[in-house]
file start24.txt (compact mmCIF, N, CA and C atoms)
# COMPACT_ATOMS: atom_id res chain seq x y z
N MET A 1244 14.17 -17.71 2.28
CA MET A 1244 13.13 -17.04 1.52
C MET A 1244 12.96 -17.74 0.17
N SER A 1245 11.75 -17.73 -0.31
CA SER A 1245 11.50 -18.34 -1.60
C SER A 1245 11.66 -17.30 -2.71
N ALA A 1246 12.01 -17.78 -3.89
CA ALA A 1246 12.20 -16.90 -5.04
C ALA A 1246 10.84 -16.44 -5.57
N ILE A 1247 10.82 -15.22 -6.10
CA ILE A 1247 9.62 -14.70 -6.74
C ILE A 1247 9.94 -14.37 -8.19
N THR A 1248 8.90 -14.24 -8.99
CA THR A 1248 9.11 -13.89 -10.39
C THR A 1248 9.30 -12.38 -10.52
N ILE A 1249 9.81 -11.96 -11.65
CA ILE A 1249 9.98 -10.52 -11.90
C ILE A 1249 8.61 -9.83 -11.93
N GLU A 1250 7.59 -10.54 -12.41
CA GLU A 1250 6.23 -9.98 -12.41
C GLU A 1250 5.75 -9.73 -10.99
N GLN A 1251 6.04 -10.65 -10.08
CA GLN A 1251 5.65 -10.45 -8.68
C GLN A 1251 6.38 -9.26 -8.08
N PHE A 1252 7.66 -9.12 -8.40
CA PHE A 1252 8.42 -7.98 -7.89
C PHE A 1252 7.81 -6.67 -8.37
N PHE A 1253 7.44 -6.61 -9.65
CA PHE A 1253 6.91 -5.37 -10.21
C PHE A 1253 5.51 -5.03 -9.69
N GLU A 1254 4.89 -5.93 -8.94
CA GLU A 1254 3.62 -5.60 -8.29
C GLU A 1254 3.83 -4.64 -7.12
N THR A 1255 5.06 -4.56 -6.62
CA THR A 1255 5.37 -3.64 -5.53
C THR A 1255 5.59 -2.25 -6.11
N GLU A 1256 4.85 -1.27 -5.60
CA GLU A 1256 4.98 0.10 -6.08
C GLU A 1256 5.90 0.87 -5.15
N LEU A 1257 7.08 1.23 -5.65
CA LEU A 1257 8.07 1.98 -4.88
C LEU A 1257 8.17 3.39 -5.45
N LYS A 1258 8.14 4.37 -4.55
CA LYS A 1258 8.27 5.77 -4.97
C LYS A 1258 9.16 6.53 -4.00
N VAL A 1259 9.74 7.61 -4.50
CA VAL A 1259 10.50 8.52 -3.65
C VAL A 1259 9.51 9.49 -3.02
N ALA A 1260 9.64 9.67 -1.72
CA ALA A 1260 8.79 10.61 -0.98
C ALA A 1260 9.68 11.57 -0.20
N THR A 1261 9.18 12.77 0.02
CA THR A 1261 9.88 13.75 0.84
C THR A 1261 9.16 13.87 2.17
N VAL A 1262 9.90 13.72 3.27
CA VAL A 1262 9.31 13.82 4.60
C VAL A 1262 8.99 15.29 4.88
N THR A 1263 7.71 15.58 5.15
CA THR A 1263 7.29 16.95 5.44
C THR A 1263 6.97 17.16 6.92
N GLY A 1264 6.84 16.06 7.65
CA GLY A 1264 6.58 16.15 9.09
C GLY A 1264 6.97 14.87 9.78
N ALA A 1265 7.42 14.99 11.02
CA ALA A 1265 7.80 13.80 11.80
C ALA A 1265 7.52 14.10 13.27
N GLU A 1266 6.92 13.14 13.94
CA GLU A 1266 6.64 13.31 15.36
C GLU A 1266 6.64 11.96 16.06
N PRO A 1267 7.02 11.97 17.34
CA PRO A 1267 7.00 10.72 18.08
C PRO A 1267 5.56 10.25 18.30
N ILE A 1268 5.40 8.95 18.42
CA ILE A 1268 4.09 8.38 18.74
C ILE A 1268 4.06 8.15 20.24
N PRO A 1269 3.05 8.70 20.92
CA PRO A 1269 2.97 8.54 22.38
C PRO A 1269 3.02 7.07 22.79
N ASN A 1270 3.70 6.82 23.90
CA ASN A 1270 3.83 5.49 24.50
C ASN A 1270 4.66 4.52 23.66
N SER A 1271 5.46 5.04 22.73
CA SER A 1271 6.36 4.20 21.95
C SER A 1271 7.73 4.85 21.92
N ASN A 1272 8.76 4.07 22.17
CA ASN A 1272 10.12 4.63 22.13
C ASN A 1272 10.83 4.34 20.82
N LYS A 1273 10.16 3.63 19.88
CA LYS A 1273 10.82 3.35 18.61
C LYS A 1273 10.02 3.79 17.38
N LEU A 1274 8.75 4.12 17.55
CA LEU A 1274 7.91 4.49 16.39
C LEU A 1274 7.82 5.99 16.20
N LEU A 1275 7.85 6.41 14.94
CA LEU A 1275 7.61 7.80 14.56
C LEU A 1275 6.47 7.85 13.56
N LYS A 1276 5.70 8.92 13.64
CA LYS A 1276 4.65 9.19 12.66
C LYS A 1276 5.25 10.17 11.65
N LEU A 1277 5.34 9.73 10.39
CA LEU A 1277 5.90 10.57 9.34
C LEU A 1277 4.79 11.01 8.39
N THR A 1278 4.82 12.25 7.99
CA THR A 1278 3.97 12.73 6.91
C THR A 1278 4.90 12.91 5.72
N VAL A 1279 4.51 12.31 4.59
CA VAL A 1279 5.37 12.36 3.41
C VAL A 1279 4.60 12.91 2.21
N ASP A 1280 5.34 13.60 1.35
CA ASP A 1280 4.81 14.14 0.10
C ASP A 1280 5.19 13.19 -1.01
N LEU A 1281 4.17 12.67 -1.71
CA LEU A 1281 4.39 11.78 -2.84
C LEU A 1281 4.11 12.48 -4.17
N GLY A 1282 4.19 13.78 -4.18
CA GLY A 1282 3.96 14.54 -5.41
C GLY A 1282 2.48 14.83 -5.60
N SER A 1283 1.69 13.80 -5.85
CA SER A 1283 0.26 13.99 -6.10
C SER A 1283 -0.58 13.86 -4.83
N GLU A 1284 0.04 13.44 -3.73
CA GLU A 1284 -0.69 13.26 -2.48
C GLU A 1284 0.26 13.25 -1.29
N SER A 1285 -0.33 13.43 -0.12
CA SER A 1285 0.40 13.35 1.13
C SER A 1285 -0.11 12.14 1.89
N ARG A 1286 0.78 11.43 2.57
CA ARG A 1286 0.39 10.24 3.34
C ARG A 1286 1.06 10.25 4.70
N VAL A 1287 0.45 9.47 5.61
CA VAL A 1287 1.01 9.25 6.93
C VAL A 1287 1.58 7.84 6.96
N LEU A 1288 2.80 7.71 7.46
CA LEU A 1288 3.47 6.42 7.60
C LEU A 1288 3.96 6.28 9.04
N VAL A 1289 3.95 5.08 9.55
CA VAL A 1289 4.53 4.80 10.85
C VAL A 1289 5.81 4.00 10.61
N ALA A 1290 6.89 4.46 11.21
CA ALA A 1290 8.19 3.81 10.99
C ALA A 1290 8.90 3.58 12.32
N GLY A 1291 9.51 2.41 12.47
CA GLY A 1291 10.25 2.06 13.68
C GLY A 1291 11.69 2.55 13.63
N ILE A 1292 11.86 3.86 13.57
CA ILE A 1292 13.20 4.44 13.37
C ILE A 1292 13.56 5.49 14.42
N ALA A 1293 12.76 5.63 15.47
CA ALA A 1293 12.96 6.72 16.44
C ALA A 1293 14.27 6.62 17.20
N ARG A 1294 14.81 5.44 17.36
CA ARG A 1294 16.07 5.29 18.10
C ARG A 1294 17.27 5.74 17.27
N GLN A 1295 17.14 5.77 15.94
CA GLN A 1295 18.26 6.13 15.09
C GLN A 1295 18.11 7.51 14.44
N TYR A 1296 16.89 8.02 14.35
CA TYR A 1296 16.65 9.29 13.64
C TYR A 1296 15.83 10.24 14.51
N SER A 1297 16.26 11.49 14.56
CA SER A 1297 15.47 12.51 15.26
C SER A 1297 14.45 13.09 14.29
N THR A 1298 13.36 13.60 14.84
CA THR A 1298 12.33 14.18 13.98
C THR A 1298 12.89 15.35 13.18
N GLU A 1299 13.78 16.13 13.77
CA GLU A 1299 14.35 17.29 13.08
C GLU A 1299 15.20 16.86 11.88
N ASP A 1300 15.92 15.75 12.01
CA ASP A 1300 16.78 15.27 10.92
C ASP A 1300 15.98 14.71 9.75
N LEU A 1301 14.75 14.29 9.99
CA LEU A 1301 13.97 13.64 8.94
C LEU A 1301 13.24 14.62 8.02
N VAL A 1302 12.80 15.75 8.55
CA VAL A 1302 12.03 16.70 7.75
C VAL A 1302 12.90 17.22 6.60
N GLY A 1303 12.39 17.08 5.39
CA GLY A 1303 13.10 17.49 4.19
C GLY A 1303 13.88 16.36 3.54
N LYS A 1304 14.04 15.25 4.25
CA LYS A 1304 14.80 14.10 3.72
C LYS A 1304 13.94 13.32 2.72
N GLN A 1305 14.57 12.85 1.67
CA GLN A 1305 13.88 11.99 0.71
C GLN A 1305 14.13 10.54 1.09
N VAL A 1306 13.06 9.73 1.01
CA VAL A 1306 13.11 8.32 1.36
C VAL A 1306 12.40 7.52 0.28
N VAL A 1307 12.59 6.20 0.31
CA VAL A 1307 11.89 5.30 -0.61
C VAL A 1307 10.76 4.66 0.17
N VAL A 1308 9.56 4.65 -0.47
CA VAL A 1308 8.35 4.19 0.20
C VAL A 1308 7.64 3.14 -0.65
N VAL A 1309 7.11 2.11 0.01
CA VAL A 1309 6.20 1.17 -0.65
C VAL A 1309 4.81 1.79 -0.53
N THR A 1310 4.18 2.07 -1.68
CA THR A 1310 2.92 2.83 -1.64
C THR A 1310 1.66 1.99 -1.84
N ASN A 1311 1.80 0.72 -2.21
CA ASN A 1311 0.59 -0.06 -2.48
C ASN A 1311 0.35 -1.17 -1.46
N LEU A 1312 0.75 -0.92 -0.21
CA LEU A 1312 0.44 -1.85 0.87
C LEU A 1312 -0.95 -1.54 1.43
N VAL A 1313 -1.60 -2.56 1.94
CA VAL A 1313 -2.86 -2.36 2.65
C VAL A 1313 -2.54 -1.56 3.91
N PRO A 1314 -3.29 -0.47 4.21
CA PRO A 1314 -3.01 0.31 5.42
C PRO A 1314 -3.07 -0.56 6.67
N ALA A 1315 -2.21 -0.23 7.64
CA ALA A 1315 -2.16 -0.97 8.91
C ALA A 1315 -2.18 0.03 10.05
N LYS A 1316 -2.86 -0.31 11.14
CA LYS A 1316 -2.93 0.57 12.30
C LYS A 1316 -1.87 0.12 13.31
N LEU A 1317 -0.97 1.05 13.66
CA LEU A 1317 0.09 0.79 14.63
C LEU A 1317 0.01 1.83 15.74
N MET A 1318 -0.15 1.38 16.96
CA MET A 1318 -0.25 2.28 18.12
C MET A 1318 -1.33 3.35 17.89
N GLY A 1319 -2.42 2.96 17.24
CA GLY A 1319 -3.53 3.86 17.02
C GLY A 1319 -3.40 4.78 15.83
N VAL A 1320 -2.33 4.67 15.07
CA VAL A 1320 -2.11 5.53 13.90
C VAL A 1320 -2.14 4.65 12.64
N GLU A 1321 -2.94 5.07 11.65
CA GLU A 1321 -2.99 4.32 10.40
C GLU A 1321 -1.78 4.64 9.54
N SER A 1322 -1.03 3.60 9.19
CA SER A 1322 0.13 3.75 8.33
C SER A 1322 -0.29 3.40 6.91
N GLN A 1323 -0.06 4.34 5.98
CA GLN A 1323 -0.50 4.20 4.59
C GLN A 1323 0.67 3.88 3.66
N GLY A 1324 1.55 3.01 4.10
CA GLY A 1324 2.71 2.62 3.32
C GLY A 1324 3.84 2.23 4.23
N MET A 1325 5.02 2.01 3.66
CA MET A 1325 6.18 1.59 4.44
C MET A 1325 7.42 2.28 3.92
N VAL A 1326 8.21 2.83 4.84
CA VAL A 1326 9.50 3.41 4.49
C VAL A 1326 10.51 2.26 4.43
N LEU A 1327 11.33 2.23 3.38
CA LEU A 1327 12.32 1.17 3.25
C LEU A 1327 13.63 1.55 3.93
N ALA A 1328 14.21 0.56 4.60
CA ALA A 1328 15.48 0.76 5.29
C ALA A 1328 16.28 -0.53 5.22
N ALA A 1329 17.58 -0.37 5.16
CA ALA A 1329 18.48 -1.52 5.32
C ALA A 1329 18.59 -1.78 6.82
N SER A 1330 19.03 -2.97 7.17
CA SER A 1330 19.21 -3.31 8.58
C SER A 1330 20.69 -3.58 8.82
N ASP A 1331 21.34 -2.68 9.54
CA ASP A 1331 22.76 -2.81 9.85
C ASP A 1331 22.89 -3.20 11.32
N GLU A 1332 23.15 -4.48 11.56
CA GLU A 1332 23.22 -5.00 12.93
C GLU A 1332 21.95 -4.70 13.70
N GLY A 1333 20.80 -4.83 13.01
CA GLY A 1333 19.50 -4.62 13.64
C GLY A 1333 19.05 -3.17 13.69
N LYS A 1334 19.87 -2.24 13.22
CA LYS A 1334 19.51 -0.82 13.24
C LYS A 1334 19.10 -0.38 11.85
N PRO A 1335 17.97 0.33 11.72
CA PRO A 1335 17.52 0.76 10.40
C PRO A 1335 18.37 1.89 9.83
N VAL A 1336 18.66 1.77 8.53
CA VAL A 1336 19.36 2.81 7.78
C VAL A 1336 18.46 3.11 6.58
N LEU A 1337 17.88 4.31 6.55
CA LEU A 1337 16.92 4.65 5.51
C LEU A 1337 17.53 4.65 4.12
N LEU A 1338 16.75 4.16 3.16
CA LEU A 1338 17.16 4.20 1.76
C LEU A 1338 16.71 5.52 1.16
N HIS A 1339 17.56 6.11 0.32
CA HIS A 1339 17.21 7.36 -0.33
C HIS A 1339 17.95 7.48 -1.66
N PRO A 1340 17.42 8.32 -2.56
CA PRO A 1340 18.12 8.49 -3.84
C PRO A 1340 19.46 9.18 -3.63
N GLY A 1341 20.38 8.92 -4.55
CA GLY A 1341 21.71 9.52 -4.48
C GLY A 1341 21.71 11.02 -4.76
N GLY A 1342 20.64 11.51 -5.37
CA GLY A 1342 20.47 12.93 -5.65
C GLY A 1342 19.00 13.25 -5.52
N GLU A 1343 18.68 14.52 -5.35
CA GLU A 1343 17.28 14.91 -5.18
C GLU A 1343 16.50 14.70 -6.48
N VAL A 1344 15.31 14.13 -6.33
CA VAL A 1344 14.38 13.92 -7.46
C VAL A 1344 13.00 14.41 -7.03
N PRO A 1345 12.09 14.65 -7.97
CA PRO A 1345 10.76 15.10 -7.58
C PRO A 1345 10.05 14.05 -6.71
N SER A 1346 9.31 14.52 -5.71
CA SER A 1346 8.50 13.62 -4.90
C SER A 1346 7.54 12.86 -5.79
N GLY A 1347 7.38 11.57 -5.53
CA GLY A 1347 6.51 10.72 -6.33
C GLY A 1347 7.23 10.00 -7.46
N THR A 1348 8.52 10.27 -7.64
CA THR A 1348 9.28 9.60 -8.71
C THR A 1348 9.27 8.10 -8.45
N PRO A 1349 8.88 7.30 -9.45
CA PRO A 1349 8.90 5.84 -9.28
C PRO A 1349 10.32 5.31 -9.15
N VAL A 1350 10.47 4.26 -8.34
CA VAL A 1350 11.73 3.56 -8.20
C VAL A 1350 11.60 2.27 -9.00
N LYS A 1351 12.56 2.03 -9.89
CA LYS A 1351 12.50 0.84 -10.75
C LYS A 1351 13.75 0.04 -10.62
call {"tool": "encode", "arguments": {"input": "start24.txt", "output": "structure tokens"}}
result
Amino acid sequence: MSAITIEQFFETELKVATVTGAEPIPNSNKLLKLTVDLGSESRVLVAGIARQYSTEDLVGKQVVVVTNLVPAKLMGVESQGMVLAASDEGKPVLLHPGGEVPSGTPVK
């Protein structure tokens, strides 16, 4: 990977979101449709985490989201951001704050 400047990094808008809804996407065994609360708005995100996380475990969980991505359509669902996860041997592990913070809190 090539190095980026600190200014380029700060162009990425990261916020804490609270998952308010989660459901499987038909005809996909790894994608989930998440509805998240960003404080001032609600968004739909598509995340490839269905093999590691159940929909019941996600509701109420706080996650870190990239909010200024161009929307992308995945399996017919428009994703309005990206949930951040570490990759442990190819398996996603969601990133979250160490303590509860208000939805929409910026990550710096």
call {"tool": "select_by_dssp", "arguments": {"input": "start24.txt", "residues": "region 1254-1339 of chain A", "states": "alpha helix (DSSP H)", "output": "PyMOL selection string"}}
result
chain A and resi 1298-1301
call {"tool": "residues_around", "arguments": {"input": "start24.txt", "residues": "region 1316-1324 of chain A", "least_positions_apart": "2", "cutoff": "6 Å", "atoms": "only C-alpha atoms", "output": "MDAnalysis selection string"}}
result
chainID A and resid 1287:1289 1309:1310 1312 1314
call {"tool": "closest_residue", "arguments": {"input": "start24.txt", "among": "A:Ala1329, A:Met1244, A:Leu1274, A:Val1306", "to": "Ala1260 (chain A)", "atoms": "all atoms listed in the file"}}
result
A:Val1306
call {"tool": "select_by_dssp", "arguments": {"input": "start24.txt", "residues": "region 1246-1350 of chain A", "states": "strand (DSSP E or B)", "output": "PyMOL selection string"}}
result
chain A and resi 1257-1267+1275-1280+1285-1290+1305-1309+1315-1317+1320-1322+1325-1326+1328-1331+1334-1337+1349
call {"tool": "atom_distance", "arguments": {"input": "start24.txt", "atom1": "CA of Ser1330 (chain A)", "atom2": "CA of Val1307 (chain A)"}}
result
14.6 Å
call {"tool": "residues_around", "arguments": {"input": "start24.txt", "residues": "Gln1305 (chain A)", "least_positions_apart": "6", "cutoff": "8 Å", "atoms": "all atoms listed in the file", "output": "MDAnalysis selection string"}}
result
chainID A and resid 1259:1262 1337:1340 1343:1344 1346
call {"tool": "closest_residue", "arguments": {"input": "start24.txt", "among": "A:Val1308, A:Ala1265, A:Ala1315, A:Val1279", "to": "Pro1349 (chain A)", "atoms": "only C-alpha atoms"}}
result
A:Val1308
call {"tool": "residues_around", "arguments": {"input": "start24.txt", "residues": "Val1336 (chain A)", "least_positions_apart": "5", "cutoff": "8 Å", "atoms": "all atoms listed in the file", "output": "PyMOL selection string"}}
result
chain A and resi 1292+1295+1327-1331
call {"tool": "axis_aligned_box", "arguments": {"input": "start24.txt", "around": "region 1314-1328 of chain A", "padding_each_side": "8 Å", "output": "JSON"}}
result
{"center_x": 6.4, "center_y": 2.3, "center_z": 10.7, "size_x": 35.8, "size_y": 22.5, "size_z": 30.9}
call {"tool": "atom_distance", "arguments": {"input": "start24.txt", "atom1": "atom C of Gly1303 (chain A)", "atom2": "atom N of Pro1267 (chain A)"}}
result
16.0 Å
call {"tool": "closest_residue", "arguments": {"input": "start24.txt", "among": "A:Met1325, A:Gly1342, A:Ser1285, A:Lys1273", "to": "Lys1304 (chain A)", "atoms": "only C-alpha atoms"}}
result
A:Gly1342
call {"tool": "atom_distance", "arguments": {"input": "start24.txt", "atom1": "CA of Val1302 (chain A)", "atom2": "CA of Leu1281 (chain A)"}}
result
14.0 Å
call {"tool": "build_atoms", "arguments": {"input": "start24.txt", "residues": "region 1310-1321 of chain A", "atoms": "all heavy atoms", "output": "tab-separated table (two decimals), in the frame of the given file"}}
result
chain	number	residue	atom	x	y	z
A	1310	THR	N	4.18	2.07	-1.68
A	1310	THR	CA	2.92	2.83	-1.64
A	1310	THR	C	1.66	1.99	-1.84
A	1310	THR	O	0.56	2.50	-1.64
A	1310	THR	CB	2.93	3.95	-2.69
A	1310	THR	OG1	3.11	3.37	-3.98
A	1310	THR	CG2	4.02	4.96	-2.41
A	1311	ASN	N	1.80	0.72	-2.21
A	1311	ASN	CA	0.59	-0.06	-2.48
A	1311	ASN	C	0.35	-1.17	-1.46
A	1311	ASN	O	-0.21	-2.21	-1.77
A	1311	ASN	CB	0.59	-0.61	-3.91
A	1311	ASN	CG	1.72	-1.57	-4.21
A	1311	ASN	OD1	2.77	-1.54	-3.56
A	1311	ASN	ND2	1.54	-2.42	-5.21
A	1312	LEU	N	0.75	-0.92	-0.21
A	1312	LEU	CA	0.44	-1.85	0.87
A	1312	LEU	C	-0.95	-1.54	1.43
A	1312	LEU	O	-1.39	-0.39	1.42
A	1312	LEU	CB	1.45	-1.72	2.02
A	1312	LEU	CG	2.87	-2.19	1.76
A	1312	LEU	CD1	3.74	-1.87	2.97
A	1312	LEU	CD2	2.89	-3.68	1.47
A	1313	VAL	N	-1.60	-2.56	1.94
A	1313	VAL	CA	-2.86	-2.36	2.65
A	1313	VAL	C	-2.54	-1.56	3.91
A	1313	VAL	O	-1.58	-1.89	4.63
A	1313	VAL	CB	-3.50	-3.71	3.01
A	1313	VAL	CG1	-4.73	-3.53	3.87
A	1313	VAL	CG2	-3.83	-4.50	1.75
A	1314	PRO	N	-3.29	-0.47	4.21
A	1314	PRO	CA	-3.01	0.31	5.42
A	1314	PRO	C	-3.07	-0.56	6.67
A	1314	PRO	O	-3.84	-1.52	6.75
A	1314	PRO	CB	-4.12	1.37	5.44
A	1314	PRO	CG	-4.52	1.50	4.00
A	1314	PRO	CD	-4.38	0.11	3.42
A	1315	ALA	N	-2.21	-0.23	7.64
A	1315	ALA	CA	-2.16	-0.97	8.91
A	1315	ALA	C	-2.18	0.03	10.05
A	1315	ALA	O	-1.59	1.11	9.95
A	1315	ALA	CB	-0.90	-1.81	8.97
A	1316	LYS	N	-2.86	-0.31	11.14
A	1316	LYS	CA	-2.93	0.57	12.30
A	1316	LYS	C	-1.87	0.12	13.31
A	1316	LYS	O	-1.83	-1.04	13.72
A	1316	LYS	CB	-4.32	0.52	12.93
A	1316	LYS	CG	-4.57	1.70	13.85
A	1316	LYS	CD	-6.03	1.83	14.17
A	1316	LYS	CE	-6.52	3.04	13.43
A	1316	LYS	NZ	-7.84	3.48	13.84
A	1317	LEU	N	-0.97	1.05	13.66
A	1317	LEU	CA	0.09	0.79	14.63
A	1317	LEU	C	0.01	1.83	15.74
A	1317	LEU	O	0.05	3.03	15.45
A	1317	LEU	CB	1.46	0.87	13.95
A	1317	LEU	CG	1.68	-0.09	12.77
A	1317	LEU	CD1	2.89	0.34	11.96
A	1317	LEU	CD2	1.85	-1.50	13.28
A	1318	MET	N	-0.15	1.38	16.96
A	1318	MET	CA	-0.25	2.28	18.12
A	1318	MET	C	-1.33	3.35	17.89
A	1318	MET	O	-1.16	4.52	18.24
A	1318	MET	CB	1.09	2.94	18.43
A	1318	MET	CG	2.21	1.98	18.81
A	1318	MET	SD	2.00	1.20	20.41
A	1318	MET	CE	2.22	2.57	21.52
A	1319	GLY	N	-2.42	2.96	17.24
A	1319	GLY	CA	-3.53	3.86	17.02
A	1319	GLY	C	-3.40	4.78	15.83
A	1319	GLY	O	-4.28	5.60	15.58
A	1320	VAL	N	-2.33	4.67	15.07
A	1320	VAL	CA	-2.11	5.53	13.90
A	1320	VAL	C	-2.14	4.65	12.64
A	1320	VAL	O	-1.45	3.64	12.57
A	1320	VAL	CB	-0.74	6.26	13.98
A	1320	VAL	CG1	-0.51	7.11	12.74
A	1320	VAL	CG2	-0.66	7.09	15.25
A	1321	GLU	N	-2.94	5.07	11.65
A	1321	GLU	CA	-2.99	4.32	10.40
A	1321	GLU	C	-1.78	4.64	9.54
A	1321	GLU	O	-1.55	5.79	9.20
A	1321	GLU	CB	-4.27	4.63	9.63
A	1321	GLU	CG	-4.38	3.77	8.37
A	1321	GLU	CD	-5.66	3.99	7.61
A	1321	GLU	OE1	-5.71	4.96	6.82
A	1321	GLU	OE2	-6.61	3.21	7.82
